[in-house]
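J.: My structure is in input_26.cif, and what it holds is mmCIF, C-alpha atoms and all ligand atoms:
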data_target
#
loop_
_atom_site.label_atom_id
_atom_site.label_comp_id
_atom_site.auth_asym_id
_atom_site.auth_seq_id
_atom_site.Cartn_x
_atom_site.Cartn_y
_atom_site.Cartn_z
CA MET A 13 93.00 81.60 69.61
CA SER A 14 89.37 82.50 69.25
CA ILE A 15 88.15 85.68 67.67
CA ASP A 16 85.57 87.81 69.36
CA SER A 17 84.76 91.46 68.96
CA ALA A 18 83.75 94.34 71.15
CA LEU A 19 81.73 97.47 70.49
CA ARG A 20 83.26 100.62 71.91
CA ALA A 21 81.74 104.07 72.18
CA TYR A 22 83.50 107.41 72.05
CA ARG A 23 81.94 110.77 72.77
CA PHE A 24 83.29 114.09 71.62
CA GLN A 25 82.07 117.64 71.74
CA LEU A 26 81.43 119.10 68.32
CA ARG A 27 82.49 122.64 67.52
CA PRO A 28 80.16 123.53 64.65
CA ARG A 29 80.32 126.91 62.95
CA PRO A 30 77.22 129.06 63.60
CA ALA A 31 75.75 128.13 60.21
CA GLN A 32 76.34 124.43 60.90
CA GLU A 33 74.80 124.80 64.32
CA ARG A 34 71.64 126.23 62.76
CA GLN A 35 71.62 123.32 60.29
CA LEU A 36 72.00 120.77 63.08
CA ALA A 37 69.14 122.35 65.02
CA ARG A 38 67.01 122.29 61.88
CA TYR A 39 67.76 118.62 61.15
CA ALA A 40 66.97 117.66 64.74
CA GLY A 41 63.70 119.62 64.45
CA MET A 42 62.83 117.69 61.29
CA LEU A 43 63.33 114.43 63.15
CA ARG A 44 60.96 115.54 65.90
CA TRP A 45 58.38 116.55 63.29
CA LEU A 46 58.80 113.21 61.53
CA TRP A 47 58.37 111.19 64.72
CA ASN A 48 55.20 113.09 65.61
CA ARG A 49 53.81 112.96 62.07
CA ALA A 50 54.32 109.20 61.72
CA LEU A 51 52.90 108.62 65.21
CA ALA A 52 49.80 110.68 64.32
CA GLU A 53 49.43 108.65 61.14
CA GLN A 54 49.58 105.40 63.11
CA GLN A 55 46.91 106.68 65.50
CA ALA A 56 44.65 107.69 62.61
CA ARG A 57 45.02 104.21 61.14
CA ARG A 58 44.19 102.67 64.49
CA GLU A 59 41.05 104.79 64.78
CA ARG A 60 40.02 103.77 61.26
CA GLY A 61 40.52 100.12 62.28
CA GLU A 62 43.48 99.69 59.92
CA PRO A 63 46.42 97.49 60.90
CA TYR A 64 49.68 98.90 62.24
CA ALA A 65 52.05 100.05 59.47
CA ASN A 66 55.52 98.58 59.97
CA TYR A 67 58.88 100.25 59.27
CA VAL A 68 58.89 99.36 55.57
CA ALA A 69 55.49 101.04 55.16
CA MET A 70 56.60 104.09 57.17
CA ALA A 71 59.76 104.41 55.03
CA LYS A 72 57.42 104.78 52.02
CA TRP A 73 55.55 107.57 53.83
CA LEU A 74 58.89 109.28 54.33
CA THR A 75 59.70 109.12 50.62
CA ALA A 76 56.27 110.55 49.83
CA TRP A 77 56.69 113.38 52.35
CA ARG A 78 60.15 114.24 51.03
CA ASN A 79 58.57 114.58 47.56
CA ALA A 80 55.28 116.28 48.43
CA PRO A 81 55.38 120.04 47.77
CA GLU A 82 54.09 121.02 51.25
CA THR A 83 56.66 118.87 53.13
CA GLN A 84 59.50 119.04 50.64
CA TRP A 85 61.68 120.85 53.21
CA LEU A 86 62.24 117.39 54.75
CA ALA A 87 64.45 116.61 51.75
CA ASP A 88 66.86 119.36 52.90
CA GLY A 89 67.88 117.06 55.77
CA PRO A 90 69.98 113.88 55.49
CA VAL A 91 67.75 110.87 54.82
CA HIS A 92 69.43 108.19 56.95
CA PRO A 93 68.78 109.83 60.32
CA GLN A 94 65.15 110.28 59.24
CA GLN A 95 64.86 106.57 58.46
CA GLN A 96 66.48 105.85 61.83
CA VAL A 97 63.78 107.81 63.63
CA LEU A 98 61.08 105.71 61.95
CA LYS A 99 63.00 102.56 62.90
CA ARG A 100 63.06 103.76 66.49
CA LEU A 101 59.34 104.54 66.38
CA ASP A 102 58.73 101.04 65.01
CA ALA A 103 60.84 99.53 67.82
CA THR A 104 58.85 101.51 70.41
CA PHE A 105 55.61 100.20 68.91
CA GLN A 106 56.93 96.62 68.90
CA THR A 107 57.79 96.92 72.60
CA PHE A 108 54.32 98.32 73.19
CA PHE A 109 52.70 95.35 71.39
CA ALA A 110 54.90 92.84 73.24
CA ASN A 111 54.04 94.43 76.60
CA MET A 112 50.31 94.34 75.76
CA LYS A 113 50.61 90.65 74.94
CA ALA A 114 52.53 89.90 78.13
CA GLY A 115 50.05 91.87 80.22
CA LYS A 116 52.73 94.35 81.26
CA LYS A 117 52.48 98.13 81.38
CA PRO A 118 52.24 98.85 77.65
CA GLY A 119 54.09 102.18 77.23
CA TYR A 120 52.40 103.64 74.17
CA PRO A 121 54.77 105.90 72.12
CA ARG A 122 54.50 109.55 73.15
CA PHE A 123 54.62 112.66 71.03
CA LYS A 124 57.90 114.54 71.34
CA LYS A 125 57.79 118.07 72.74
CA ARG A 126 60.11 120.90 71.87
CA GLY A 127 63.49 120.12 73.39
CA GLU A 128 62.93 116.39 73.02
CA GLU A 129 64.43 116.20 69.54
CA PRO A 130 65.71 112.72 68.68
CA GLY A 131 69.43 112.27 68.12
CA ILE A 132 70.71 112.60 64.56
CA ARG A 133 71.90 109.08 63.97
CA PHE A 134 74.01 108.06 61.01
CA PRO A 135 73.74 104.26 61.07
CA ASP A 136 76.49 103.44 58.60
CA ASN A 137 80.15 104.42 58.32
CA LYS A 138 79.60 105.22 54.64
CA GLN A 139 77.71 108.32 55.77
CA PHE A 140 80.46 109.98 57.74
CA LYS A 141 84.19 110.35 57.67
CA LEU A 142 86.45 110.89 60.65
CA GLU A 143 89.69 112.79 60.20
CA ALA A 144 91.19 112.28 63.63
CA ALA A 145 94.48 114.05 62.83
CA ASN A 146 92.63 117.24 61.94
CA GLY A 147 89.97 116.79 64.61
CA ARG A 148 87.03 116.90 62.27
CA LEU A 149 84.09 114.85 61.13
CA GLN A 150 82.47 114.95 57.71
CA LEU A 151 78.69 114.62 57.71
CA PRO A 152 76.12 114.55 54.90
CA LYS A 153 74.81 118.04 54.05
CA LEU A 154 76.95 119.62 56.79
CA GLY A 155 80.44 119.13 55.43
CA TRP A 156 83.38 119.10 57.82
CA VAL A 157 82.48 119.78 61.44
CA ARG A 158 85.26 120.49 63.89
CA MET A 159 85.35 118.43 67.06
CA ARG A 160 87.36 118.17 70.26
CA MET A 161 89.38 115.01 69.74
CA SER A 162 89.92 114.32 73.42
CA ARG A 163 91.03 110.74 72.80
CA THR A 164 92.14 108.35 70.12
CA VAL A 165 89.43 106.39 68.33
CA GLU A 166 90.26 102.73 67.90
CA GLY A 167 88.58 100.03 65.87
CA ASP A 168 86.39 100.11 62.77
CA LEU A 169 83.87 102.94 62.70
CA ARG A 170 80.27 101.71 62.85
CA ASN A 171 77.86 104.59 63.42
CA ALA A 172 77.63 108.13 64.74
CA SER A 173 74.89 109.90 66.69
CA ILE A 174 74.66 113.61 67.26
CA THR A 175 72.81 115.03 70.23
CA ARG A 176 72.39 118.43 71.83
CA GLU A 177 72.88 119.11 75.51
CA GLY A 178 72.08 122.67 76.45
CA ASP A 179 73.86 124.75 73.85
CA ARG A 180 76.49 122.12 73.12
CA TRP A 181 76.53 119.46 70.45
CA TYR A 182 78.08 116.05 70.96
CA VAL A 183 78.82 113.13 68.71
CA ALA A 184 78.90 109.54 69.93
CA ILE A 185 80.90 107.26 67.66
CA GLN A 186 80.72 103.50 67.95
CA THR A 187 83.52 101.28 66.77
CA LEU A 188 83.98 97.56 66.54
CA GLN A 189 87.22 96.05 67.71
CA PRO A 190 88.19 92.51 66.95
CA ALA A 191 89.28 90.77 70.14
CA VAL A 192 91.77 87.96 70.17
CA LEU A 193 91.64 85.71 73.19
CA PRO A 194 95.03 84.41 74.23
CA ALA A 195 95.44 80.78 75.06
CA ALA A 196 95.40 80.00 78.76
CA ASP A 197 99.12 79.45 78.87
CA VAL A 198 100.13 82.85 77.45
CA ALA A 199 102.25 84.29 80.22
CA PRO A 200 103.08 87.96 80.83
CA THR A 201 105.53 89.23 78.24
CA LEU A 202 106.05 92.70 79.64
CA GLY A 203 106.75 94.12 83.09
CA ILE A 204 106.11 97.75 83.94
CA ASP A 205 107.63 99.80 86.76
CA VAL A 206 106.08 103.23 87.17
CA GLY A 207 108.25 106.08 88.36
CA VAL A 208 108.63 109.77 88.85
CA THR A 209 111.62 110.88 86.81
CA ASN A 210 110.50 108.49 84.10
CA PHE A 211 106.82 107.76 83.79
CA ALA A 212 107.62 104.05 83.43
CA GLY A 213 110.42 101.60 82.90
CA LEU A 214 109.64 98.55 80.76
CA SER A 215 111.19 95.11 80.97
CA ASP A 216 112.10 95.35 77.26
CA GLU A 217 114.54 98.11 78.28
CA ARG A 218 112.42 101.03 77.15
CA LEU A 219 112.08 104.07 79.37
CA ILE A 220 108.88 106.07 78.95
CA ALA A 221 109.58 109.71 79.72
CA SER A 222 106.88 111.72 81.44
CA LEU A 223 104.90 113.96 79.15
CA ALA A 224 107.00 117.11 79.13
CA ALA A 225 104.01 119.24 78.27
CA LEU A 226 102.40 118.14 81.50
CA ALA A 227 105.25 119.51 83.57
CA ALA A 228 104.93 122.85 81.82
CA GLN A 229 101.18 122.86 82.31
CA GLN A 230 101.75 121.96 85.93
CA ARG A 231 103.81 125.13 86.46
CA ARG A 232 101.15 127.19 84.71
CA LEU A 233 98.55 125.57 86.93
CA ALA A 234 100.41 126.67 90.04
CA ARG A 235 100.59 130.21 88.66
CA TYR A 236 96.86 130.28 87.92
CA GLN A 237 96.09 128.92 91.36
CA ARG A 238 98.14 131.68 92.96
CA SER A 239 96.37 134.19 90.77
CA VAL A 240 92.97 132.99 92.00
CA SER A 241 94.00 133.09 95.64
CA ARG A 242 95.37 136.63 95.32
CA LYS A 243 92.09 137.99 93.94
CA GLN A 244 89.47 139.40 96.27
CA LYS A 245 86.65 137.03 97.22
CA ALA A 246 83.51 137.39 95.06
CA SER A 247 85.24 139.85 92.76
CA CYS A 248 84.81 139.86 89.02
CA ASN A 249 88.54 139.30 88.51
CA ARG A 250 88.47 136.29 90.76
CA LYS A 251 85.63 134.78 88.75
CA LYS A 252 87.60 135.34 85.57
CA ALA A 253 90.69 133.74 87.11
CA ILE A 254 88.63 130.73 88.21
CA VAL A 255 87.27 130.28 84.69
CA LYS A 256 90.83 130.33 83.36
CA LEU A 257 91.96 127.85 85.99
CA ARG A 258 89.12 125.44 85.20
CA ALA A 259 89.85 125.62 81.49
CA LEU A 260 93.48 124.76 82.18
CA HIS A 261 92.44 121.81 84.35
CA ARG A 262 90.34 120.50 81.48
CA ARG A 263 93.17 121.01 79.01
CA ILE A 264 95.62 119.13 81.22
CA ALA A 265 93.23 116.23 81.70
CA GLN A 266 92.67 116.06 77.95
CA GLN A 267 96.39 116.16 77.11
CA ARG A 268 97.14 113.52 79.69
CA SER A 269 94.35 111.28 78.49
CA ASP A 270 95.41 111.61 74.86
CA TRP A 271 99.04 110.87 75.67
CA LEU A 272 98.09 107.88 77.80
CA HIS A 273 95.79 106.49 75.11
CA LYS A 274 98.63 106.46 72.59
CA LEU A 275 100.95 104.82 75.11
CA THR A 276 98.53 102.15 76.35
CA SER A 277 97.26 101.29 72.87
CA GLY A 278 100.82 100.60 71.74
CA LEU A 279 101.58 98.42 74.77
CA ALA A 280 98.30 96.49 74.56
CA ALA A 281 98.85 95.81 70.86
CA GLU A 282 102.26 94.28 71.55
CA HIS A 283 101.59 92.41 74.78
CA PRO A 284 98.27 90.74 75.64
CA VAL A 285 99.36 89.94 79.20
CA ILE A 286 101.29 92.58 81.12
CA ALA A 287 102.62 92.56 84.67
CA ILE A 288 102.47 95.89 86.47
CA GLU A 289 103.27 96.89 90.01
CA ASP A 290 100.15 97.18 92.09
CA LEU A 291 99.66 100.94 92.03
CA ARG A 292 97.44 100.93 95.07
CA VAL A 293 100.35 99.58 97.08
CA VAL A 294 102.64 102.18 95.56
CA ALA A 295 100.22 104.97 96.47
CA MET A 296 99.91 103.71 100.03
CA SER A 297 103.59 103.32 100.67
CA ALA A 298 104.57 106.60 99.06
CA SER A 299 106.01 109.24 101.29
CA ALA A 300 107.52 112.56 100.40
CA ARG A 301 111.10 111.41 100.77
CA GLY A 302 110.53 107.87 99.60
CA SER A 303 110.78 104.77 101.73
CA ALA A 304 113.90 102.72 102.28
CA ASP A 305 112.52 100.24 99.78
CA ARG A 306 111.87 102.81 97.11
CA PRO A 307 114.64 105.28 97.69
CA GLY A 308 114.14 108.73 96.37
CA ARG A 309 110.97 107.81 94.55
CA ASN A 310 109.53 111.24 95.15
CA VAL A 311 112.59 113.38 95.65
CA ARG A 312 112.27 115.10 92.33
CA GLN A 313 108.57 115.74 92.56
CA LYS A 314 109.13 119.44 93.17
CA ALA A 315 110.99 119.67 89.90
CA GLY A 316 108.40 117.82 87.88
CA LEU A 317 104.85 116.75 88.36
CA ASN A 318 103.17 117.00 91.67
CA ARG A 319 102.05 113.90 93.46
CA SER A 320 98.31 114.20 92.82
CA ILE A 321 98.78 114.72 89.09
CA LEU A 322 101.10 111.76 88.97
CA ASP A 323 98.67 109.58 90.93
CA ALA A 324 95.90 110.55 88.55
CA ALA A 325 98.09 109.71 85.57
CA TRP A 326 99.06 106.31 87.02
CA GLY A 327 95.45 105.51 87.83
CA GLU A 328 94.35 106.46 84.33
CA PHE A 329 97.28 104.53 82.84
CA ARG A 330 96.26 101.39 84.68
CA ARG A 331 92.57 101.82 83.85
CA GLN A 332 93.22 102.21 80.14
CA LEU A 333 95.70 99.37 80.02
CA GLU A 334 93.29 97.07 81.81
CA TYR A 335 90.36 97.59 79.47
CA LYS A 336 92.49 97.60 76.34
CA LEU A 337 94.03 94.28 77.32
CA ALA A 338 90.58 92.93 78.13
CA ALA A 339 89.41 94.05 74.69
CA VAL A 340 92.01 91.79 73.07
CA GLY A 341 91.27 89.01 75.52
CA GLY A 342 94.41 89.71 77.52
CA GLN A 343 94.92 90.71 81.11
CA LEU A 344 96.78 92.99 83.45
CA VAL A 345 98.59 91.16 86.25
CA ASP A 346 99.13 93.11 89.46
CA VAL A 347 102.36 92.45 91.27
CA ASN A 348 103.26 93.58 94.76
CA PRO A 349 106.08 96.04 94.18
CA ALA A 350 107.83 95.30 97.49
CA TYR A 351 111.59 94.84 96.95
CA THR A 352 111.29 94.97 93.16
CA SER A 353 113.38 98.12 93.02
CA ARG A 354 116.23 96.97 95.22
CA THR A 355 116.53 93.31 94.27
CA CYS A 356 119.09 92.30 91.67
CA ARG A 357 117.28 90.59 88.83
CA ILE A 358 120.40 88.57 88.01
CA CYS A 359 121.53 87.12 91.33
CA GLY A 360 118.52 87.92 93.48
CA HIS A 361 120.53 89.82 96.08
CA GLU A 362 118.23 92.21 97.89
CA SER A 363 119.67 95.32 99.52
CA ALA A 364 119.02 99.03 99.78
CA ASP A 365 122.72 99.43 98.91
CA ASN A 366 121.95 98.21 95.41
CA ARG A 367 120.38 101.57 94.69
CA LYS A 368 123.19 104.09 94.72
CA THR A 369 121.13 106.77 92.99
CA GLN A 370 117.63 107.23 91.69
CA SER A 371 118.44 105.90 88.27
CA VAL A 372 121.36 103.51 88.69
CA PHE A 373 121.02 99.99 89.98
CA ALA A 374 124.36 98.44 90.92
CA CYS A 375 124.27 95.07 92.64
CA VAL A 376 126.70 94.97 95.57
CA ALA A 377 126.85 91.17 95.38
CA CYS A 378 127.36 90.39 91.70
CA GLY A 379 128.14 93.79 90.24
CA HIS A 380 125.26 93.79 87.76
CA THR A 381 124.55 97.34 86.65
CA GLU A 382 121.44 98.59 84.88
CA HIS A 383 118.98 101.46 84.84
CA ALA A 384 117.07 101.04 88.10
CA ASP A 385 113.65 101.26 86.45
CA ILE A 386 114.55 98.56 83.92
CA ASN A 387 115.87 96.25 86.66
CA ALA A 388 112.63 96.80 88.60
CA ALA A 389 110.48 96.22 85.51
CA ARG A 390 112.26 92.92 84.89
CA ASN A 391 111.66 91.87 88.50
CA ILE A 392 108.01 92.78 88.06
CA LEU A 393 107.81 90.67 84.93
CA ALA A 394 109.34 87.70 86.77
CA ALA A 395 106.95 88.14 89.70
CA GLY A 396 104.11 88.48 87.19
CA HIS A 397 105.00 85.03 85.85
CA ALA A 398 104.62 83.62 89.35
CA VAL A 399 101.26 85.33 89.86
CA TRP A 400 100.08 84.19 86.46
CA ALA A 401 101.13 80.58 87.13
CA SER A 402 99.17 80.64 90.39
CA THR A 403 95.98 81.46 88.48
CA LEU A 404 96.33 78.45 86.19
CA LYS A 405 95.01 75.02 87.01
CA PRO A 406 95.40 71.82 85.02
CA ASP A 407 92.37 70.84 82.96
CA ALA A 408 91.18 67.30 82.24
CA CYS A 409 93.16 67.04 79.02
CA GLY A 410 96.49 67.84 80.58
CA GLY A 411 96.42 71.47 79.44
CA VAL A 412 95.79 74.46 81.63
CA VAL A 413 92.89 76.87 82.04
CA ARG A 414 92.89 80.20 83.74
CA ARG A 415 91.16 80.04 87.08
CA ALA A 416 90.25 83.59 87.97
CA ALA A 417 89.61 86.73 86.00
CA SER A 418 91.89 88.72 88.24
CA ALA A 419 95.44 87.95 89.04
CA ARG A 420 96.92 89.67 92.03
CA THR A 421 99.62 88.96 94.57
CA LYS A 422 99.17 89.03 98.27
CA ARG A 423 102.77 89.59 99.15
CA ALA A 424 104.90 87.95 96.56
CA ALA A 425 108.27 89.58 96.61
CA PRO A 426 110.34 88.68 93.57
CA ALA A 427 112.71 86.89 95.99
CA LYS A 428 115.44 84.66 94.68
CA GLN A 429 114.50 83.79 91.19
CA GLU A 430 116.53 81.91 88.66
CA PRO A 431 118.14 84.10 86.05
CA SER A 432 115.51 83.95 83.36
CA GLU A 433 117.73 84.87 80.48
CA GLY A 434 121.23 84.08 79.45
CA VAL A 435 122.67 87.25 80.93
CA THR A 436 125.89 86.83 82.82
CA CYS A 437 126.96 89.09 85.65
CA ALA A 438 130.02 91.16 85.18
ZN ZN B 501 123.36 90.70 91.57
#
Could you write out this file's structure as structure tokens?
Ligand SMILES: [Zn+2]
T.:
Amino acid sequence: MSIDSALRAYRFQLRPRPAQERQLARYAGMLRWLWNRALAEQQARRERGEPYANYVAMAKWLTAWRNAPETQWLADGPVHPQQQVLKRLDATFQTFFANMKAGKKPGYPRFKKRGEEPGIRFPDNKQFKLEAANGRLQLPKLGWVRMRMSRTVEGDLRNASITREGDRWYVAIQTLQPAVLPAADVAPTLGIDVGVTNFAGLSDERLIASLAALAAQQRRLARYQRSVSRKQKASCNRKKAIVKLRALHRRIAQQRSDWLHKLTSGLAAEHPVIAIEDLRVVAMSASARGSADRPGRNVRQKAGLNRSILDAAWGEFRRQLEYKLAAVGGQLVDVNPAYTSRTCRICGHESADNRKTQSVFACVACGHTEHADINAARNILAAGHAVWASTLKPDACGGVVRRAASARTKRAAPAKQEPSEGVTCA
């Protein structure tokens, strides 16, 4: 196992109180002033034939300015972001010098106009505190600032940068995540079958229920949509209804994302290599009544989530799982879902008759009975093993290395596999 690490960035909207907003604007204004003042100083030195003053020298100017009576207001702002601005100015100058040397377009640092305020960057996690549970961030001289925690922050906090876009403030938080690369012969340890009544069935016999809140939101969404369509075109009431509808859409997406982040983080932490049914195949083969292979897959959609919301959730689920596994050096293995839901994982008998109902799998050949989603998830895990094995090739030392970054089946039905565990049929 080798240890690597990955930087991750998260971006959240801040919800500062009016007084905090004024403070933020003031601090950003200070940074613009500082950039311009230091740049002017460098130009004056240049004109006097003096050498360029590096960051260390500029940091001394900053200390002097923060103490001088006429620029003492600088000391009202946090010092680290001010030092960061001088570091950035220094970096811009260094690029300029390097370009001059290389005969490239030099790109001399420009003065910053109003509206071009530099970001307020806190370079060290000692300078801020994140309280994710309460959705707030503590910053020097500002205290606790509320934020929209639209997702879970993972890894060790590194730095935070605050920027303004229009009349909104955002914070970008960077974290460092240690990544553990699995050995080449680590095979999938979890199979996932996605569904409608349950969001997913797992090969370790867990059933993940769909987010109940989403179903409720879904009904509200339908009501809001009707409300918009009933209003007269171009009317004030219609505009209001549209605003409400959009806000609900955002809220649903946020809830879904948050819920999925918790789910995928847990799975990725437990299993570096996971087999999942190829959702693109599922999406393609889906029909309103369900195909013979996936009986009744969508029959309850009217009662729960609608198809497009579910598709979005599956897509997001897969996306998150994929990058979280990659972050720990693991991998998601796509398996063709054909026959996985109607093949007995014990004896391999494949028949539509094995699925009496949506949730019960009962093998007509050997009598094995199990929750249908769990049976399917176990088939997916077994098929995942086959896909995984096909991506391995022997290396010179008799071990194996992984051949390709992506593992995917063409049309590998689980077929007749050997019972993988010591389970006996009834
Ligand atoms: Zn059977």
J.: List as a PyMOL selection string the protein and nucleic acid residues near Arg235 (chain A), meaning an atom at most 12 Å away when all atoms listed in the file are counted, but skip any in the same chain fewer than 5 places from it.
T.: chain A and resi 228-230+240-242+253-254+256-257+260
J.: Which distance in Å separates CA of Ala69 (chain A) and CA of Glu53 (chain A), to one decimal?
T.: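 Distance reported for this atom pair: 11.4 Å.
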J.: Set out as CSV a contact list for chain A and ligand ZN 501 (chain B) with a cut-off of 6 Å, giving each residue of chain A that qualifies its closest atom pair and distance in Å to one decimal, counting only C-alpha atoms and all ligand atoms, ordered by chain and rising residue number.
T.:
residue,atom,partner,partner_atom,distance
A:Cys356,CA,B:ZN501,ZN,4.6
A:Ile358,CA,B:ZN501,ZN,5.1
A:Cys359,CA,B:ZN501,ZN,4.0
A:Gly360,CA,B:ZN501,ZN,5.9
A:His361,CA,B:ZN501,ZN,5.4
A:Cys375,CA,B:ZN501,ZN,4.6
A:Ala377,CA,B:ZN501,ZN,5.2
A:Cys378,CA,B:ZN501,ZN,4.0
A:Gly379,CA,B:ZN501,ZN,5.8
A:His380,CA,B:ZN501,ZN,5.3
J.: At most 12 Å from (63.3, 103.3, 64.9), file frame, all atoms listed in the file: which residues, as a PyMOL selection string?
T.: chain A and resi 43+46-47+50-51+66-68+70-71+92-107+121+130-133+135
J.: Which residues come within 12 Å of Trp77 (chain A), counting only C-alpha atoms, excluding same-chain residues fewer than 5 positions away, as a PyMOL selection string?
T.: chain A and resi 42+45-46+49-50+70-72+82-88+91+94
J.: For CA of Leu74 (chain A) and CA of Leu169 (chain A), determine how far apart the two atoms are, in Å to one decimal place.
T.: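 So the answer is 27.1 Å.
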J.: Determine the nearest neighbour of Arg176 (chain A) from the options A:Ala388, A:Leu151, A:Leu26, A:Ile204, counting all atoms listed in the file.
T.: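 Between A:Ala388, A:Leu151, A:Leu26, A:Ile204, the residue approaching Arg176 (chain A) most closely is A:Leu26.
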J.: What is the CA of Arg250 (chain A)-CA of Arg262 (chain A) distance in Å, reported with one decimal?
T.: 18.4 Å
